[in-house]
Amino acid sequence: MPKVIPISFLAVGLFTVTFAVNLQAPLYDAYAAESNVGATAVTVAFAAYVGGLMPTLLLLGGLSDRIGRRIPIALALILGALATALLVQIPSWISLVIARFMLGIGTGLATTAGTAYMTEILGADRAKSAALIVTSATSLGFGGGALATGISLGLQGHTLLPASYIALFVAAPVLAMIALTLPRIDKPRPVSLLRFPVFPVGTWVFGAAMALAWSTTGMTIAVVPLELAENNLGGWTGLVIFLAIFVGFLCQPIARRMTNARALALGFILIPLGFLVLLAGVWLKVLAFVLLGTCITSAASYGFTYLASLAEVTLRAPDDRARATAGLFVYAYFGFSLPVIASGVLADMLGLLSAMVVFAIAQITVTGIIVLVWSQRSDPSGTAINAG
């Protein structure tokens, strides 16, 4: 079988798994209204995704080393469809929490197995190319789901069964069956089913950068839509979430031509800059600034930082790529969840805008500390390895 066939189907499978993750984001306010809950509850439901994903990364990050790469990917596709079906059958905040938890498990299974599988298909000497395909597919998926639902709602009017959900119900089972028929390139090893992630030496700064970048994306996806809704701009939620990720996808080819260290450094600059522009847009009620700030943070989070970090950890752990990927996402999803929940609590106490201001201050402070420590190290972990 020509390599292009498994590469294409694997990329489409990863896209679909992540497509399901933010599919329901434009309907957060509707699910919250069904259960009469506030901003804290919405951010808790949003972060329930990490509640499912983190144990999967911590305990099952190396599962595909034992059972092969294909089964976890197929299972992730089915979990995405089942989680979305639950929201259709029982639209409520509790269902949203359960669905997000299931989506987290699926993402944890697919991203660890998929990254290792893609590298094995292309070959270890093209690890950075493999990382580019994975980050491109997942970035498009994370952003595309929200945009698809936003467009569906715009065309259909308010509904709890948008066309985007139906598309997932059709595609996921078909792709799950295809995933099981892909060629088995890896050689399963007789290792324990429960395998902890690994953190390759010298990659701490990449993990810290992912936590910082994805905390910003989490704010954009979970908290900014609530502020938009308060200003009667809820119809723009799908586009904001899409831009929060899609612009990063557009930047990935640029990042691929840079060393991992330089891409990471650029990400450190763009992360706080983008959020400050976004915050100014929310403060002044200027939608153009919100969209511009979202684009800048996207370039940092899903463009330069994501690709550089994933490429670096897979290069530094050639014998444990699945577990190294799991280790990177442990960093990323701690950032994706905890600051967002804290901001939701602050939003209920002080208001959404005040919570965003506090986040911006914390973000700038942490960025400065990380960059300072990184620059003072005698052997900075960002020394890049160009490959592929």
# chains A, B, ... in the order shown; residues from 1 in each chain; ligands from 1
$ residues_around --residues "region 147-155 of chain A" --least-positions-apart "5" --cutoff "8 Å" --atoms "only C-alpha atoms" --output "compact mmCIF listing (two decimals) with C-alpha atoms, in the first residue's frame"
# COMPACT_ATOMS: atom_id res chain seq x y z
CA LEU A 23 -18.13 20.84 18.12
CA GLN A 24 -20.48 21.81 20.94
CA PRO A 26 -21.17 27.47 20.24
CA PRO A 162 -26.99 21.10 14.10
CA ALA A 163 -25.88 19.61 10.80
CA SER A 164 -22.31 19.49 12.09
CA TYR A 165 -23.36 16.86 14.65
CA GLY A 235 -23.06 34.60 16.73
CA TRP A 236 -19.33 35.20 16.31
CA THR A 237 -18.35 32.47 18.79
CA GLY A 238 -17.78 29.78 16.15
CA LEU A 239 -15.54 32.06 14.08
CA ILE A 241 -12.88 29.58 18.17
CA PHE A 242 -11.99 28.63 14.61
$ select_by_dssp --residues "region 66-271 of chain A" --states "alpha helix (DSSP H)" --output "PyMOL selection string"
chain A and resi 66-67+70-89+93-122+127-156+163-181+204-222+224-230+237-256+260-271
$ write_last_selection --atoms "C-alpha atoms" --output "short mmCIF file (atom, residue, chain, number, x, y, z; two decimals), in the first residue's frame"
data_model
loop_
_atom_site.label_atom_id
_atom_site.label_comp_id
_atom_site.auth_asym_id
_atom_site.auth_seq_id
_atom_site.Cartn_x
_atom_site.Cartn_y
_atom_site.Cartn_z
CA ARG A 66 1.13 -2.84 23.68
CA ILE A 67 -2.02 -3.19 21.54
CA ARG A 70 -4.98 1.42 15.22
CA ILE A 71 -7.34 0.35 18.02
CA PRO A 72 -6.90 3.50 20.17
CA ILE A 73 -7.59 5.70 17.13
CA ALA A 74 -10.75 3.76 16.22
CA LEU A 75 -11.94 3.86 19.82
CA ALA A 76 -11.38 7.62 19.98
CA LEU A 77 -13.57 8.12 16.92
CA ILE A 78 -16.42 6.12 18.46
CA LEU A 79 -16.11 7.96 21.78
CA GLY A 80 -16.44 11.29 19.96
CA ALA A 81 -19.66 10.19 18.28
CA LEU A 82 -21.13 8.76 21.50
CA ALA A 83 -20.31 11.91 23.48
CA THR A 84 -22.03 14.07 20.89
CA ALA A 85 -25.04 11.73 20.77
CA LEU A 86 -25.42 12.13 24.54
CA LEU A 87 -25.74 15.90 24.12
CA VAL A 88 -28.46 15.41 21.53
CA GLN A 89 -30.43 13.00 23.67
CA TRP A 93 -24.88 20.94 31.75
CA ILE A 94 -24.43 17.49 33.32
CA SER A 95 -24.46 15.88 29.89
CA LEU A 96 -21.91 18.44 28.72
CA VAL A 97 -19.59 17.48 31.60
CA ILE A 98 -19.89 13.77 30.78
CA ALA A 99 -19.48 14.36 27.04
CA ARG A 100 -16.39 16.50 27.53
CA PHE A 101 -14.93 13.81 29.81
CA MET A 102 -15.45 11.20 27.09
CA LEU A 103 -13.94 13.49 24.46
CA GLY A 104 -10.88 13.90 26.66
CA ILE A 105 -10.33 10.16 26.82
CA GLY A 106 -10.64 9.94 23.05
CA THR A 107 -8.17 12.75 22.42
CA GLY A 108 -5.64 11.21 24.79
CA LEU A 109 -5.84 7.87 23.01
CA ALA A 110 -5.71 9.30 19.48
CA THR A 111 -2.99 11.92 19.83
CA THR A 112 -0.45 9.64 21.51
CA ALA A 113 -1.06 6.70 19.17
CA GLY A 114 -1.48 8.91 16.10
CA THR A 115 1.76 10.84 16.58
CA ALA A 116 3.79 7.66 17.01
CA TYR A 117 2.00 6.00 14.07
CA MET A 118 2.57 8.93 11.72
CA THR A 119 6.29 8.98 12.55
CA GLU A 120 6.55 5.22 11.95
CA ILE A 121 4.84 5.54 8.55
CA LEU A 122 7.11 8.36 7.37
CA ALA A 127 9.96 13.12 12.46
CA LYS A 128 9.40 16.84 12.01
CA SER A 129 7.35 16.25 8.86
CA ALA A 130 5.25 13.74 10.78
CA ALA A 131 4.75 16.28 13.56
CA LEU A 132 3.67 18.86 10.98
CA ILE A 133 0.99 16.55 9.58
CA VAL A 134 -0.31 15.68 13.05
CA THR A 135 -0.39 19.27 14.26
CA SER A 136 -2.05 20.40 11.02
CA ALA A 137 -4.77 17.73 11.18
CA THR A 138 -5.50 18.26 14.86
CA SER A 139 -5.38 22.05 14.63
CA LEU A 140 -7.91 22.03 11.79
CA GLY A 141 -10.05 19.61 13.78
CA PHE A 142 -10.01 21.59 17.03
CA GLY A 143 -11.02 24.75 15.18
CA GLY A 144 -13.19 23.24 12.48
CA GLY A 145 -15.72 21.67 14.83
CA ALA A 146 -16.70 24.95 16.43
CA LEU A 147 -16.85 26.73 13.07
CA ALA A 148 -18.98 23.98 11.55
CA THR A 149 -21.50 24.23 14.37
CA GLY A 150 -21.47 28.02 14.18
CA ILE A 151 -22.24 27.88 10.44
CA SER A 152 -24.89 25.22 11.01
CA LEU A 153 -26.65 27.35 13.61
CA GLY A 154 -26.45 30.35 11.31
CA LEU A 155 -28.18 28.43 8.53
CA GLN A 156 -30.60 26.37 10.61
CA ALA A 163 -25.88 19.61 10.80
CA SER A 164 -22.31 19.49 12.09
CA TYR A 165 -23.36 16.86 14.65
CA ILE A 166 -24.99 14.76 11.93
CA ALA A 167 -21.81 14.94 9.82
CA LEU A 168 -19.84 13.52 12.77
CA PHE A 169 -22.36 10.71 13.28
CA VAL A 170 -21.89 9.68 9.66
CA ALA A 171 -18.10 10.05 9.41
CA ALA A 172 -16.87 8.66 12.75
CA PRO A 173 -18.03 5.01 12.42
CA VAL A 174 -16.78 4.80 8.82
CA LEU A 175 -13.37 6.18 9.74
CA ALA A 176 -13.16 3.89 12.78
CA MET A 177 -13.59 0.85 10.51
CA ILE A 178 -11.02 2.23 8.07
CA ALA A 179 -8.56 2.84 10.92
CA LEU A 180 -8.69 -0.84 11.85
CA THR A 181 -7.73 -1.81 8.29
CA TRP A 204 10.88 21.25 30.10
CA VAL A 205 10.70 24.65 28.43
CA PHE A 206 8.68 23.22 25.53
CA GLY A 207 6.21 21.72 27.99
CA ALA A 208 5.99 24.96 29.95
CA ALA A 209 5.43 26.90 26.73
CA MET A 210 2.62 24.53 25.74
CA ALA A 211 0.95 25.02 29.13
CA LEU A 212 1.18 28.78 28.76
CA ALA A 213 0.00 28.83 25.15
CA TRP A 214 -2.90 26.46 25.62
CA SER A 215 -4.09 28.27 28.74
CA THR A 216 -4.56 31.27 26.45
CA THR A 217 -6.44 29.15 23.92
CA GLY A 218 -8.58 27.76 26.74
CA MET A 219 -9.53 31.27 27.77
CA THR A 220 -10.40 32.13 24.19
CA ILE A 221 -12.58 29.05 23.77
CA ALA A 222 -14.30 28.96 27.18
CA VAL A 224 -14.38 34.87 25.63
CA PRO A 225 -17.61 33.41 24.14
CA LEU A 226 -19.41 34.19 27.41
CA GLU A 227 -18.29 37.81 27.14
CA LEU A 228 -19.33 37.92 23.47
CA ALA A 229 -22.76 36.61 24.41
CA GLU A 230 -23.14 39.34 27.04
CA THR A 237 -18.35 32.47 18.79
CA GLY A 238 -17.78 29.78 16.15
CA LEU A 239 -15.54 32.06 14.08
CA VAL A 240 -13.55 33.18 17.14
CA ILE A 241 -12.88 29.58 18.17
CA PHE A 242 -11.99 28.63 14.61
CA LEU A 243 -9.54 31.52 14.30
CA ALA A 244 -8.10 30.64 17.72
CA ILE A 245 -6.74 27.49 16.11
CA PHE A 246 -6.84 27.84 12.30
CA VAL A 247 -4.37 30.73 12.05
CA GLY A 248 -1.91 28.56 13.94
CA PHE A 249 -2.35 25.90 11.29
CA LEU A 250 -1.48 28.47 8.61
CA CYS A 251 1.71 29.35 10.50
CA GLN A 252 2.94 25.77 10.85
CA PRO A 253 4.76 25.66 7.47
CA ILE A 254 6.65 28.78 8.55
CA ALA A 255 7.48 27.22 11.91
CA ARG A 256 8.74 24.09 10.15
CA ASN A 260 12.55 24.55 17.27
CA ALA A 261 14.16 27.05 19.64
CA ARG A 262 13.45 30.05 17.41
CA ALA A 263 9.85 28.97 16.84
CA LEU A 264 9.41 28.63 20.58
CA ALA A 265 10.93 32.06 21.26
CA LEU A 266 8.57 33.67 18.76
CA GLY A 267 5.68 31.93 20.47
CA PHE A 268 6.71 33.44 23.82
CA ILE A 269 6.42 36.91 22.25
CA LEU A 270 3.11 36.36 20.50
CA ILE A 271 1.22 34.68 23.34
#
$ atom_distance --atom1 "CA of Leu182 (chain A)" --atom2 "CA of Leu10 (chain A)"
8.4 Å
$ closest_residue --among "A:Val345, A:Leu276, A:Val198, A:Leu307" --to "Gly293 (chain A)" --atoms "only C-alpha atoms"
A:Leu276
$ closest_residue --among "A:Phe334, A:Phe9, A:Tyr306, A:Trp283" --to "Gly51 (chain A)" --atoms "only C-alpha atoms"
A:Phe334
$ atom_distance --atom1 "CA of Phe359 (chain A)" --atom2 "CA of Tyr333 (chain A)"
16.6 Å
$ closest_residue --among "A:Pro6, A:Ala362, A:Gly344, A:Pro197" --to "Val37 (chain A)" --atoms "only C-alpha atoms"
A:Gly344
$ atom_distance --atom1 "CA of Val4 (chain A)" --atom2 "CA of Ala124 (chain A)"
16.4 Å
$ residues_around --residues "Gly327 (chain A)" --least-positions-apart "6" --cutoff "9 Å" --atoms "only C-alpha atoms" --output "mmCIF file with C-alpha atoms, in the first residue's frame"
data_model
loop_
_atom_site.group_PDB
_atom_site.id
_atom_site.type_symbol
_atom_site.label_atom_id
_atom_site.label_comp_id
_atom_site.auth_asym_id
_atom_site.auth_seq_id
_atom_site.Cartn_x
_atom_site.Cartn_y
_atom_site.Cartn_z
ATOM 1 C CA LEU A 57 -2.181 10.474 29.286
ATOM 2 C CA LEU A 58 -0.808 9.615 32.721
ATOM 3 C CA GLY A 61 -0.033 7.109 27.138
ATOM 4 C CA PHE A 196 3.337 6.475 32.580
ATOM 5 C CA PRO A 197 4.362 9.303 30.240
ATOM 6 C CA VAL A 198 8.011 10.199 29.821
ATOM 7 C CA PHE A 199 9.540 13.670 29.860
ATOM 8 C CA PRO A 200 12.690 13.710 27.710
ATOM 9 C CA GLY A 207 6.207 21.719 27.989
ATOM 10 C CA VAL A 313 9.894 15.681 22.222
#
$ closest_residue --among "A:Phe275, A:Tyr302, A:Tyr31, A:Phe46" --to "Val340 (chain A)" --atoms "only C-alpha atoms"
A:Phe46
$ decode --residues "region 270-287 of chain A" --atoms "N, CA and C atoms" --output "PDB file, in the first residue's frame"
ATOM      1  N   LEU A 270       4.457  36.204  21.041  1.00  0.00           N
ATOM      2  CA  LEU A 270       3.114  36.363  20.496  1.00  0.00           C
ATOM      3  C   LEU A 270       2.008  36.015  21.487  1.00  0.00           C
ATOM      4  N   ILE A 271       2.268  35.113  22.418  1.00  0.00           N
ATOM      5  CA  ILE A 271       1.219  34.676  23.344  1.00  0.00           C
ATOM      6  C   ILE A 271       0.649  35.845  24.156  1.00  0.00           C
ATOM      7  N   PRO A 272       1.478  36.573  24.921  1.00  0.00           N
ATOM      8  CA  PRO A 272       0.906  37.695  25.687  1.00  0.00           C
ATOM      9  C   PRO A 272       0.445  38.844  24.807  1.00  0.00           C
ATOM     10  N   LEU A 273       1.168  39.090  23.695  1.00  0.00           N
ATOM     11  CA  LEU A 273       0.767  40.176  22.797  1.00  0.00           C
ATOM     12  C   LEU A 273      -0.647  39.952  22.269  1.00  0.00           C
ATOM     13  N   GLY A 274      -0.909  38.745  21.811  1.00  0.00           N
ATOM     14  CA  GLY A 274      -2.219  38.433  21.256  1.00  0.00           C
ATOM     15  C   GLY A 274      -3.326  38.583  22.275  1.00  0.00           C
ATOM     16  N   PHE A 275      -3.090  38.096  23.486  1.00  0.00           N
ATOM     17  CA  PHE A 275      -4.156  38.174  24.486  1.00  0.00           C
ATOM     18  C   PHE A 275      -4.420  39.611  24.911  1.00  0.00           C
ATOM     19  N   LEU A 276      -3.374  40.444  24.933  1.00  0.00           N
ATOM     20  CA  LEU A 276      -3.580  41.856  25.265  1.00  0.00           C
ATOM     21  C   LEU A 276      -4.439  42.547  24.202  1.00  0.00           C
ATOM     22  N   VAL A 277      -4.210  42.221  22.941  1.00  0.00           N
ATOM     23  CA  VAL A 277      -5.031  42.794  21.871  1.00  0.00           C
ATOM     24  C   VAL A 277      -6.474  42.310  22.001  1.00  0.00           C
ATOM     25  N   LEU A 278      -6.624  41.019  22.276  1.00  0.00           N
ATOM     26  CA  LEU A 278      -7.965  40.466  22.467  1.00  0.00           C
ATOM     27  C   LEU A 278      -8.671  41.133  23.649  1.00  0.00           C
ATOM     28  N   LEU A 279      -7.938  41.286  24.743  1.00  0.00           N
ATOM     29  CA  LEU A 279      -8.503  41.925  25.931  1.00  0.00           C
ATOM     30  C   LEU A 279      -8.932  43.351  25.638  1.00  0.00           C
ATOM     31  N   ALA A 280      -8.127  44.070  24.860  1.00  0.00           N
ATOM     32  CA  ALA A 280      -8.494  45.434  24.476  1.00  0.00           C
ATOM     33  C   ALA A 280      -9.789  45.437  23.673  1.00  0.00           C
ATOM     34  N   GLY A 281      -9.939  44.434  22.809  1.00  0.00           N
ATOM     35  CA  GLY A 281     -11.165  44.350  22.030  1.00  0.00           C
ATOM     36  C   GLY A 281     -12.392  44.103  22.884  1.00  0.00           C
ATOM     37  N   VAL A 282     -12.254  43.230  23.887  1.00  0.00           N
ATOM     38  CA  VAL A 282     -13.365  42.969  24.809  1.00  0.00           C
ATOM     39  C   VAL A 282     -13.672  44.213  25.638  1.00  0.00           C
ATOM     40  N   TRP A 283     -12.614  44.860  26.119  1.00  0.00           N
ATOM     41  CA  TRP A 283     -12.758  46.052  26.967  1.00  0.00           C
ATOM     42  C   TRP A 283     -13.469  47.178  26.201  1.00  0.00           C
ATOM     43  N   LEU A 284     -13.014  47.404  24.973  1.00  0.00           N
ATOM     44  CA  LEU A 284     -13.546  48.518  24.180  1.00  0.00           C
ATOM     45  C   LEU A 284     -14.762  48.119  23.338  1.00  0.00           C
ATOM     46  N   LYS A 285     -15.101  46.824  23.406  1.00  0.00           N
ATOM     47  CA  LYS A 285     -16.225  46.292  22.609  1.00  0.00           C
ATOM     48  C   LYS A 285     -15.994  46.507  21.106  1.00  0.00           C
ATOM     49  N   VAL A 286     -14.746  46.235  20.672  1.00  0.00           N
ATOM     50  CA  VAL A 286     -14.373  46.341  19.262  1.00  0.00           C
ATOM     51  C   VAL A 286     -14.104  44.931  18.753  1.00  0.00           C
ATOM     52  N   LEU A 287     -15.016  44.402  17.963  1.00  0.00           N
ATOM     53  CA  LEU A 287     -14.913  43.020  17.512  1.00  0.00           C
ATOM     54  C   LEU A 287     -13.646  42.782  16.699  1.00  0.00           C
TER      55      LEU A 287
END
